[in-house]
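Colleague: So I've got this file, run.pdb, and it contains PDB, C-alpha atoms:
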```
ATOM      1  CA  MET A 133     202.149-171.918 -34.812  1.00  0.00           C
ATOM      2  CA  MET A 134     203.865-171.231 -31.454  1.00  0.00           C
ATOM      3  CA  LYS A 135     202.353-173.030 -28.489  1.00  0.00           C
ATOM      4  CA  ARG A 136     201.571-170.967 -25.442  1.00  0.00           C
ATOM      5  CA  SER A 137     203.074-172.306 -22.265  1.00  0.00           C
ATOM      6  CA  LYS A 138     200.564-173.324 -19.642  1.00  0.00           C
ATOM      7  CA  ASN A 139     202.841-171.997 -16.926  1.00  0.00           C
ATOM      8  CA  SER A 140     203.251-168.473 -18.412  1.00  0.00           C
ATOM      9  CA  SER A 141     200.446-167.034 -16.290  1.00  0.00           C
ATOM     10  CA  SER A 142     201.807-168.529 -13.086  1.00  0.00           C
ATOM     11  CA  ASP A 143     205.330-167.346 -13.998  1.00  0.00           C
ATOM     12  CA  ARG A 144     204.108-163.768 -14.337  1.00  0.00           C
ATOM     13  CA  LEU A 145     202.379-164.009 -10.970  1.00  0.00           C
ATOM     14  CA  SER A 146     205.570-165.368  -9.454  1.00  0.00           C
ATOM     15  CA  ASP A 147     207.647-162.534 -10.960  1.00  0.00           C
ATOM     16  CA  SER A 148     205.151-159.949  -9.720  1.00  0.00           C
ATOM     17  CA  SER A 149     205.286-161.465  -6.260  1.00  0.00           C
ATOM     18  CA  SER A 150     209.094-161.344  -6.302  1.00  0.00           C
ATOM     19  CA  ILE A 151     209.055-157.655  -7.232  1.00  0.00           C
ATOM     20  CA  ARG A 152     206.701-156.908  -4.373  1.00  0.00           C
ATOM     21  CA  ASP A 153     208.938-158.848  -2.003  1.00  0.00           C
ATOM     22  CA  GLU A 154     211.917-156.761  -3.085  1.00  0.00           C
ATOM     23  CA  GLU A 155     210.141-153.462  -2.427  1.00  0.00           C
ATOM     24  CA  ILE A 156     211.641-151.633   0.519  1.00  0.00           C
ATOM     25  CA  GLU A 157     209.349-150.887   3.405  1.00  0.00           C
ATOM     26  CA  TRP A 158     209.999-147.955   5.721  1.00  0.00           C
ATOM     27  CA  GLU A 159     209.109-147.271   9.322  1.00  0.00           C
ATOM     28  CA  MET A 160     209.135-144.200  11.542  1.00  0.00           C
ATOM     29  CA  ARG A 161     211.456-144.434  14.539  1.00  0.00           C
ATOM     30  CA  PRO A 162     210.898-142.422  17.761  1.00  0.00           C
ATOM     31  CA  GLY A 163     212.017-138.870  17.117  1.00  0.00           C
ATOM     32  CA  GLY A 164     210.663-138.821  13.555  1.00  0.00           C
ATOM     33  CA  MET A 165     213.543-140.680  11.874  1.00  0.00           C
ATOM     34  CA  LEU A 166     212.540-142.661   8.753  1.00  0.00           C
ATOM     35  CA  VAL A 167     214.466-145.938   8.417  1.00  0.00           C
ATOM     36  CA  GLN A 168     214.240-149.164   6.443  1.00  0.00           C
ATOM     37  CA  LYS A 169     211.820-151.568   8.095  1.00  0.00           C
ATOM     38  CA  ARG A 170     213.246-154.825   9.325  1.00  0.00           C
ATOM     39  CA  CYS A 171     211.472-158.146   8.993  1.00  0.00           C
ATOM     40  CA  THR A 172     211.199-159.373  12.554  1.00  0.00           C
ATOM     41  CA  LYS A 173     209.746-162.608  13.832  1.00  0.00           C
ATOM     42  CA  PRO A 174     207.633-162.793  16.987  1.00  0.00           C
ATOM     43  CA  ASP A 175     210.038-165.275  18.563  1.00  0.00           C
ATOM     44  CA  ALA A 176     213.198-163.440  17.446  1.00  0.00           C
ATOM     45  CA  ILE A 177     216.009-163.275  19.986  1.00  0.00           C
ATOM     46  CA  ALA A 178     216.810-159.777  21.259  1.00  0.00           C
ATOM     47  CA  THR A 179     219.949-158.389  19.654  1.00  0.00           C
ATOM     48  CA  PRO A 180     222.791-157.599  22.056  1.00  0.00           C
ATOM     49  CA  ASN A 181     224.554-154.301  22.522  1.00  0.00           C
ATOM     50  CA  MET A 182     228.043-153.752  21.213  1.00  0.00           C
ATOM     51  CA  ILE A 183     230.812-151.245  21.778  1.00  0.00           C
ATOM     52  CA  VAL A 184     231.799-148.937  18.941  1.00  0.00           C
ATOM     53  CA  LYS A 185     234.916-146.802  19.073  1.00  0.00           C
ATOM     54  CA  ILE A 186     234.435-143.190  18.018  1.00  0.00           C
ATOM     55  CA  ALA A 187     237.369-141.042  16.910  1.00  0.00           C
ATOM     56  CA  TYR A 188     236.659-137.316  17.098  1.00  0.00           C
ATOM     57  CA  GLY A 189     239.881-135.486  16.391  1.00  0.00           C
ATOM     58  CA  ALA A 190     242.318-136.452  19.146  1.00  0.00           C
ATOM     59  CA  VAL A 191     239.486-137.559  21.452  1.00  0.00           C
ATOM     60  CA  ARG A 192     238.252-141.148  21.670  1.00  0.00           C
ATOM     61  CA  TYR A 193     234.872-142.402  22.869  1.00  0.00           C
ATOM     62  CA  GLU A 194     233.477-145.872  23.443  1.00  0.00           C
ATOM     63  CA  ILE A 195     229.720-146.022  22.962  1.00  0.00           C
ATOM     64  CA  SER A 196     227.474-148.941  23.882  1.00  0.00           C
ATOM     65  CA  ILE A 197     224.674-149.327  21.338  1.00  0.00           C
ATOM     66  CA  ASN A 198     222.369-151.985  19.922  1.00  0.00           C
ATOM     67  CA  SER A 199     223.887-153.712  16.910  1.00  0.00           C
ATOM     68  CA  GLN A 200     220.700-153.097  14.896  1.00  0.00           C
ATOM     69  CA  ALA A 201     220.539-149.382  15.684  1.00  0.00           C
ATOM     70  CA  THR A 202     220.974-146.731  13.004  1.00  0.00           C
ATOM     71  CA  PHE A 203     223.720-144.182  12.548  1.00  0.00           C
ATOM     72  CA  GLY A 204     221.133-141.522  13.379  1.00  0.00           C
ATOM     73  CA  GLU A 205     220.538-143.125  16.771  1.00  0.00           C
ATOM     74  CA  LEU A 206     224.279-143.274  17.344  1.00  0.00           C
ATOM     75  CA  LYS A 207     224.483-139.539  16.654  1.00  0.00           C
ATOM     76  CA  LYS A 208     221.935-138.885  19.398  1.00  0.00           C
ATOM     77  CA  LEU A 209     224.113-140.756  21.892  1.00  0.00           C
ATOM     78  CA  LEU A 210     227.173-138.831  20.745  1.00  0.00           C
ATOM     79  CA  ALA A 211     225.424-135.475  21.167  1.00  0.00           C
ATOM     80  CA  SER A 212     225.611-135.694  24.966  1.00  0.00           C
ATOM     81  CA  GLU A 213     229.261-136.749  24.824  1.00  0.00           C
ATOM     82  CA  THR A 214     230.598-134.272  22.278  1.00  0.00           C
ATOM     83  CA  GLY A 215     228.235-131.310  22.523  1.00  0.00           C
ATOM     84  CA  LEU A 216     227.588-131.559  18.783  1.00  0.00           C
ATOM     85  CA  GLN A 217     223.948-131.811  17.800  1.00  0.00           C
ATOM     86  CA  PRO A 218     223.041-134.710  15.453  1.00  0.00           C
ATOM     87  CA  VAL A 219     222.610-132.312  12.517  1.00  0.00           C
ATOM     88  CA  GLU A 220     226.155-131.057  13.113  1.00  0.00           C
ATOM     89  CA  GLN A 221     227.667-134.543  12.997  1.00  0.00           C
ATOM     90  CA  GLN A 222     228.991-136.569  10.113  1.00  0.00           C
ATOM     91  CA  LEU A 223     229.873-140.217  10.758  1.00  0.00           C
ATOM     92  CA  ILE A 224     232.389-141.958   8.515  1.00  0.00           C
ATOM     93  CA  PHE A 225     232.815-145.728   8.461  1.00  0.00           C
ATOM     94  CA  ARG A 226     235.232-147.497   6.138  1.00  0.00           C
ATOM     95  CA  GLY A 227     235.945-144.225   4.371  1.00  0.00           C
ATOM     96  CA  LYS A 228     232.317-143.484   3.556  1.00  0.00           C
ATOM     97  CA  GLY A 229     229.904-141.014   5.112  1.00  0.00           C
ATOM     98  CA  ARG A 230     226.832-142.789   6.476  1.00  0.00           C
ATOM     99  CA  GLU A 231     223.229-141.616   6.347  1.00  0.00           C
ATOM    100  CA  ASN A 232     221.028-141.397   9.435  1.00  0.00           C
ATOM    101  CA  GLY A 233     218.787-144.234   8.256  1.00  0.00           C
ATOM    102  CA  ASN A 234     221.635-146.693   7.619  1.00  0.00           C
ATOM    103  CA  TYR A 235     221.756-149.628  10.031  1.00  0.00           C
ATOM    104  CA  LEU A 236     225.043-150.258  11.803  1.00  0.00           C
ATOM    105  CA  ASP A 237     225.076-154.020  11.267  1.00  0.00           C
ATOM    106  CA  LYS A 238     224.043-153.792   7.608  1.00  0.00           C
ATOM    107  CA  CYS A 239     226.978-151.457   6.970  1.00  0.00           C
ATOM    108  CA  GLY A 240     229.348-153.963   8.568  1.00  0.00           C
ATOM    109  CA  VAL A 241     229.776-152.305  11.955  1.00  0.00           C
ATOM    110  CA  LYS A 242     230.746-154.888  14.561  1.00  0.00           C
ATOM    111  CA  ASP A 243     231.806-154.913  18.183  1.00  0.00           C
ATOM    112  CA  ARG A 244     234.883-152.675  18.679  1.00  0.00           C
ATOM    113  CA  SER A 245     234.575-151.230  15.162  1.00  0.00           C
ATOM    114  CA  LYS A 246     236.020-147.750  14.679  1.00  0.00           C
ATOM    115  CA  ILE A 247     233.862-144.897  13.371  1.00  0.00           C
ATOM    116  CA  VAL A 248     235.191-141.420  12.637  1.00  0.00           C
ATOM    117  CA  LEU A 249     233.173-138.401  13.738  1.00  0.00           C
ATOM    118  CA  VAL A 250     233.702-135.022  12.086  1.00  0.00           C
ATOM    119  CA  GLU A 251     231.780-131.810  12.359  1.00  0.00           C
ATOM    120  CA  ASP A 252     229.669-131.167   9.296  1.00  0.00           C
ATOM    121  CA  PRO A 253     231.377-128.400   7.237  1.00  0.00           C
ATOM    122  CA  SER A 254     228.141-126.477   6.692  1.00  0.00           C
ATOM    123  CA  SER A 255     227.405-126.543  10.434  1.00  0.00           C
ATOM    124  CA  LYS A 256     230.927-125.357  11.208  1.00  0.00           C
ATOM    125  CA  GLU A 257     230.535-122.427   8.813  1.00  0.00           C
ATOM    126  CA  LYS A 258     227.148-121.583  10.295  1.00  0.00           C
ATOM    127  CA  ARG A 259     228.618-121.631  13.805  1.00  0.00           C
ATOM    128  CA  TYR A 260     231.476-119.360  12.711  1.00  0.00           C
ATOM    129  CA  ILE A 261     229.034-116.856  11.214  1.00  0.00           C
ATOM    130  CA  GLU A 262     226.959-116.948  14.396  1.00  0.00           C
ATOM    131  CA  MET A 263     230.058-116.367  16.540  1.00  0.00           C
ATOM    132  CA  ARG A 264     231.043-113.354  14.441  1.00  0.00           C
ATOM    133  CA  ARG A 265     227.526-111.971  14.692  1.00  0.00           C
ATOM    134  CA  ASN A 266     227.484-112.389  18.478  1.00  0.00           C
ATOM    135  CA  ALA A 267     230.908-110.756  18.773  1.00  0.00           C
ATOM    136  CA  LYS A 268     229.656-107.817  16.727  1.00  0.00           C
ATOM    137  CA  ILE A 269     226.592-107.455  18.954  1.00  0.00           C
ATOM    138  CA  GLN A 270     228.738-107.561  22.102  1.00  0.00           C
ATOM    139  CA  SER A 271     231.051-104.911  20.668  1.00  0.00           C
ATOM    140  CA  ALA A 272     228.050-102.702  19.895  1.00  0.00           C
ATOM    141  CA  HIS A 273     226.765-103.204  23.454  1.00  0.00           C
ATOM    142  CA  ARG A 274     230.069-102.008  24.908  1.00  0.00           C
ATOM    143  CA  ALA A 275     230.249 -98.984  22.602  1.00  0.00           C
ATOM    144  CA  ILE A 276     226.673 -97.961  23.399  1.00  0.00           C
ATOM    145  CA  SER A 277     227.294 -98.401  27.135  1.00  0.00           C
ATOM    146  CA  ASP A 278     230.344 -96.124  26.935  1.00  0.00           C
ATOM    147  CA  ILE A 279     228.335 -93.453  25.122  1.00  0.00           C
ATOM    148  CA  SER A 280     225.525 -93.831  27.643  1.00  0.00           C
ATOM    149  CA  MET A 281     227.931 -93.109  30.503  1.00  0.00           C
ATOM    150  CA  GLU A 282     229.241 -90.002  28.731  1.00  0.00           C
ATOM    151  CA  LEU A 283     225.706 -88.789  28.050  1.00  0.00           C
ATOM    152  CA  ASP A 284     224.827 -89.200  31.728  1.00  0.00           C
ATOM    153  CA  LYS A 285     227.788 -87.002  32.684  1.00  0.00           C
ATOM    154  CA  LEU A 286     226.816 -84.372  30.121  1.00  0.00           C
ATOM    155  CA  ALA A 287     223.218 -84.506  31.307  1.00  0.00           C
ATOM    156  CA  GLU A 288     224.406 -83.569  34.794  1.00  0.00           C
ATOM    157  CA  GLN A 289     226.244 -80.572  33.366  1.00  0.00           C
ATOM    158  CA  VAL A 290     223.142 -79.514  31.442  1.00  0.00           C
ATOM    159  CA  SER A 291     221.090 -79.787  34.636  1.00  0.00           C
ATOM    160  CA  THR A 292     223.633 -77.677  36.528  1.00  0.00           C
ATOM    161  CA  ILE A 293     223.614 -74.960  33.852  1.00  0.00           C
ATOM    162  CA  ASP A 294     219.814 -74.983  33.815  1.00  0.00           C
ATOM    163  CA  LYS A 295     219.714 -74.403  37.583  1.00  0.00           C
ATOM    164  CA  ILE A 296     222.199 -71.539  37.308  1.00  0.00           C
ATOM    165  CA  ILE A 297     220.145 -69.853  34.593  1.00  0.00           C
ATOM    166  CA  SER A 298     216.923 -70.417  36.579  1.00  0.00           C
ATOM    167  CA  SER A 299     218.480 -68.662  39.566  1.00  0.00           C
ATOM    168  CA  GLY A 300     219.033 -65.563  37.435  1.00  0.00           C
ATOM    169  CA  LYS A 301     222.764 -65.919  37.054  1.00  0.00           C
ATOM    170  CA  ASN A 302     224.646 -65.808  33.775  1.00  0.00           C
ATOM    171  CA  VAL A 303     226.509 -68.740  32.255  1.00  0.00           C
ATOM    172  CA  PRO A 304     229.420 -68.064  29.906  1.00  0.00           C
ATOM    173  CA  GLU A 305     228.323 -68.651  26.338  1.00  0.00           C
ATOM    174  CA  VAL A 306     231.506 -70.565  25.573  1.00  0.00           C
ATOM    175  CA  GLN A 307     230.587 -73.092  28.275  1.00  0.00           C
ATOM    176  CA  ILE A 308     227.200 -73.689  26.676  1.00  0.00           C
ATOM    177  CA  THR A 309     228.788 -73.977  23.219  1.00  0.00           C
ATOM    178  CA  ILE A 310     231.337 -76.538  24.384  1.00  0.00           C
ATOM    179  CA  LEU A 311     228.642 -78.583  26.096  1.00  0.00           C
ATOM    180  CA  ALA A 312     226.490 -78.539  22.956  1.00  0.00           C
ATOM    181  CA  GLU A 313     229.443 -79.705  20.853  1.00  0.00           C
ATOM    182  CA  MET A 314     230.163 -82.553  23.258  1.00  0.00           C
ATOM    183  CA  LEU A 315     226.542 -83.676  23.096  1.00  0.00           C
ATOM    184  CA  MET A 316     226.618 -83.543  19.305  1.00  0.00           C
ATOM    185  CA  ARG A 317     229.840 -85.580  19.228  1.00  0.00           C
ATOM    186  CA  GLN A 318     228.282 -88.354  21.304  1.00  0.00           C
ATOM    187  CA  ALA A 319     225.180 -88.322  19.111  1.00  0.00           C
ATOM    188  CA  ILE A 320     227.348 -88.815  16.006  1.00  0.00           C
ATOM    189  CA  LYS A 321     229.197 -91.706  17.680  1.00  0.00           C
ATOM    190  CA  LEU A 322     225.906 -93.349  18.583  1.00  0.00           C
ATOM    191  CA  GLU A 323     224.571 -92.985  15.054  1.00  0.00           C
ATOM    192  CA  SER A 324     227.691 -94.600  13.568  1.00  0.00           C
ATOM    193  CA  ILE A 325     227.282 -97.812  15.588  1.00  0.00           C
ATOM    194  CA  SER A 326     225.902-100.725  13.577  1.00  0.00           C
ATOM    195  CA  ALA A 327     223.641-102.592  15.983  1.00  0.00           C
ATOM    196  CA  GLU A 328     221.528-105.748  15.760  1.00  0.00           C
ATOM    197  CA  GLY A 329     219.130-107.503  18.112  1.00  0.00           C
ATOM    198  CA  ASP A 330     219.251-106.286  21.719  1.00  0.00           C
ATOM    199  CA  ALA A 331     221.987-103.801  20.873  1.00  0.00           C
ATOM    200  CA  SER A 332     219.648-102.106  18.396  1.00  0.00           C
ATOM    201  CA  ALA A 333     217.003-101.717  21.106  1.00  0.00           C
ATOM    202  CA  GLN A 334     219.638-100.367  23.503  1.00  0.00           C
ATOM    203  CA  LYS A 335     220.739 -97.868  20.860  1.00  0.00           C
ATOM    204  CA  SER A 336     217.165 -96.634  20.357  1.00  0.00           C
ATOM    205  CA  LEU A 337     216.815 -95.898  24.073  1.00  0.00           C
ATOM    206  CA  GLN A 338     219.741 -93.463  24.110  1.00  0.00           C
TER
END
```
Can you turn what I pasted into structure tokens?

Modeller:
Amino acid sequence: MMKRSKNSSSDRLSDSSSIRDEEIEWEMRPGGMLVQKRCTKPDAIATPNMIVKIAYGAVRYEISINSQATFGELKKLLASETGLQPVEQQLIFRGKGRENGNYLDKCGVKDRSKIVLVEDPSSKEKRYIEMRRNAKIQSAHRAISDISMELDKLAEQVSTIDKIISSGKNVPEVQITILAEMLMRQAIKLESISAEGDASAQKSLQ
């Protein structure tokens, strides 16, 4: 008959305690960023800042940041320097893209370390689509403005003809026909313009 070890119960408790110790705890940083919680002691010495070198294309930046900061916090500092919002940035260190919640020091970032910044491909595509959309809207604005100017000129001619007829004088029928055709031509041009946003509202007013 196999004897049961007296220490088996305590061993299981020890193993369970070890598993709990290995569980990762998370904390919410200012700005809503979720990062791995650090075990800090009340009498811990404040960590110093370091300088990290950022390569963004042909441009170079030197950013002062706490060594225990996250890559997400570094992105916020870079936003004011580069004009790229944090969601548009991708930081690469040692050939690997880093997540916002990764700590700089835990990933091996040290003073004077080099980090590569690239614009996130999806953000670049989104920006390109937005630029094309804005260009299309601006083009529609110009086309509608041109038609509006022509309609104003034709409206003056209509007003002149109306005054002549009201005074009892005759207006050549060909003149009225030509004016009607010109108005119709501008109406067709206006209808053919594909407009969005403010341009659509401008089109409706004509």

Colleague: Nearest to Thr202 of chain A among A:Leu311, A:Ala187, A:Val241, A:Val303, with distances taken over only C-alpha atoms: which residue is it?

Modeller: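 Going through A:Leu311, A:Ala187, A:Val241, A:Val303 one by one, the smallest distance to Thr202 of chain A is for A:Val241.
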
Colleague: Convert the output of the PyMOL selection byres ((chain A and resi 278-285) around 9) on the shown file into explicit residues, formatted as a list in words.

Modeller: His273, Arg274, Ala275, Ile276, Ser277, Leu286, Ala287, Glu288, Gln289, Val290, Leu315, Gln318, Ala319, Lys321, Leu322 and Gln338 of chain A

Colleague: Using the chain letters and numbering of this document, enumerate as a list in words the residues selected by the PyMOL selection byres ((chain A and resi 189) around 9).

Modeller: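 Evaluating the PyMOL selection byres ((chain A and resi 189) around 9) on these coordinates yields Ala187, Tyr188, Ala190, Val191, Arg192, Val248, Leu249 and Val250 of chain A.
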
Colleague: Please provide as a tab-separated table (two decimals) with C-alpha atoms, in the coordinates of the input all residues within 10 Å of Ile197 of chain A, with the sequence filter that same-chain residues fewer than 6 positions apart are discarded (counting all atoms listed in the file).

Modeller:
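Output file part04.tsv follows:
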```tsv
chain	number	residue	atom	x	y	z
A	180	PRO	CA	222.79	-157.60	22.06
A	181	ASN	CA	224.55	-154.30	22.52
A	182	MET	CA	228.04	-153.75	21.21
A	183	ILE	CA	230.81	-151.24	21.78
A	184	VAL	CA	231.80	-148.94	18.94
A	205	GLU	CA	220.54	-143.12	16.77
A	206	LEU	CA	224.28	-143.27	17.34
A	209	LEU	CA	224.11	-140.76	21.89
A	236	LEU	CA	225.04	-150.26	11.80
A	243	ASP	CA	231.81	-154.91	18.18
```

Colleague: How many Å lie between atom CA of Pro218 of chain A and atom CA of Lys242 of chain A, rounded to one decimal?

Modeller: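 A separation of 21.6 Å between them.
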
Colleague: Neighbouring residues of Leu223 of chain A were defined as those with any atom within 9 Å, considering only C-alpha atoms; residues of the same chain fewer than 3 positions away were excluded. Please report them as an MDAnalysis selection string.

Modeller: chainID A and resid 203 207 228:231 247:251

Colleague: Using only C-alpha atoms, please write the residues we just selected to a file, as a PDB file, in the coordinates of the input.

Modeller:
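out-v3.pdb, written as the output of this step:
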```pdb
ATOM      1  CA  PHE A 203     223.720-144.182  12.548  1.00  0.00           C
ATOM      2  CA  LYS A 207     224.483-139.539  16.654  1.00  0.00           C
ATOM      3  CA  LYS A 228     232.317-143.484   3.556  1.00  0.00           C
ATOM      4  CA  GLY A 229     229.904-141.014   5.112  1.00  0.00           C
ATOM      5  CA  ARG A 230     226.832-142.789   6.476  1.00  0.00           C
ATOM      6  CA  GLU A 231     223.229-141.616   6.347  1.00  0.00           C
ATOM      7  CA  ILE A 247     233.862-144.897  13.371  1.00  0.00           C
ATOM      8  CA  VAL A 248     235.191-141.420  12.637  1.00  0.00           C
ATOM      9  CA  LEU A 249     233.173-138.401  13.738  1.00  0.00           C
ATOM     10  CA  VAL A 250     233.702-135.022  12.086  1.00  0.00           C
ATOM     11  CA  GLU A 251     231.780-131.810  12.359  1.00  0.00           C
TER      12      GLU A 251
END
```

Colleague: Mind pulling up the distance from atom CA of Asn232 of chain A to atom CA of Tyr260 of chain A?

Modeller: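 Straight-line distance from atom CA of Tyr260 of chain A to atom CA of Asn232 of chain A works out to 24.6 Å.
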
Colleague: Please indicate the distance in Å from atom CA of Leu210 of chain A to atom CA of Ile195 of chain A, rounded to one decimal place.

Modeller: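 Distance reported for this atom pair: 7.9 Å.
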
Colleague: Looking at A:Gln200, A:Ser271, A:Ser291, A:Gln221, which one is nearest to Lys238 of chain A, with distances taken over all atoms listed in the file?

Modeller: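 Going through A:Gln200, A:Ser271, A:Ser291, A:Gln221 one by one, the smallest distance to Lys238 of chain A is for A:Gln200.
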
Colleague: Counting all atoms listed in the file, select every polymer residue within 7 Å of (236.0, -149.6, 21.1) as defined in the file's coordinates, and provide the selection as a list in words.

Modeller: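 Neighbouring residues, ordered by chain and number, come to Ile183, Val184, Lys185, Glu194, Arg244, Ser245 and Lys246 of chain A.
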
Colleague: Return the single residue from A:Pro253, A:Pro304, A:Asn198, A:Asp237 that is closest to Gln222 of chain A, with distances computed using only C-alpha atoms.

Modeller: A:Pro253
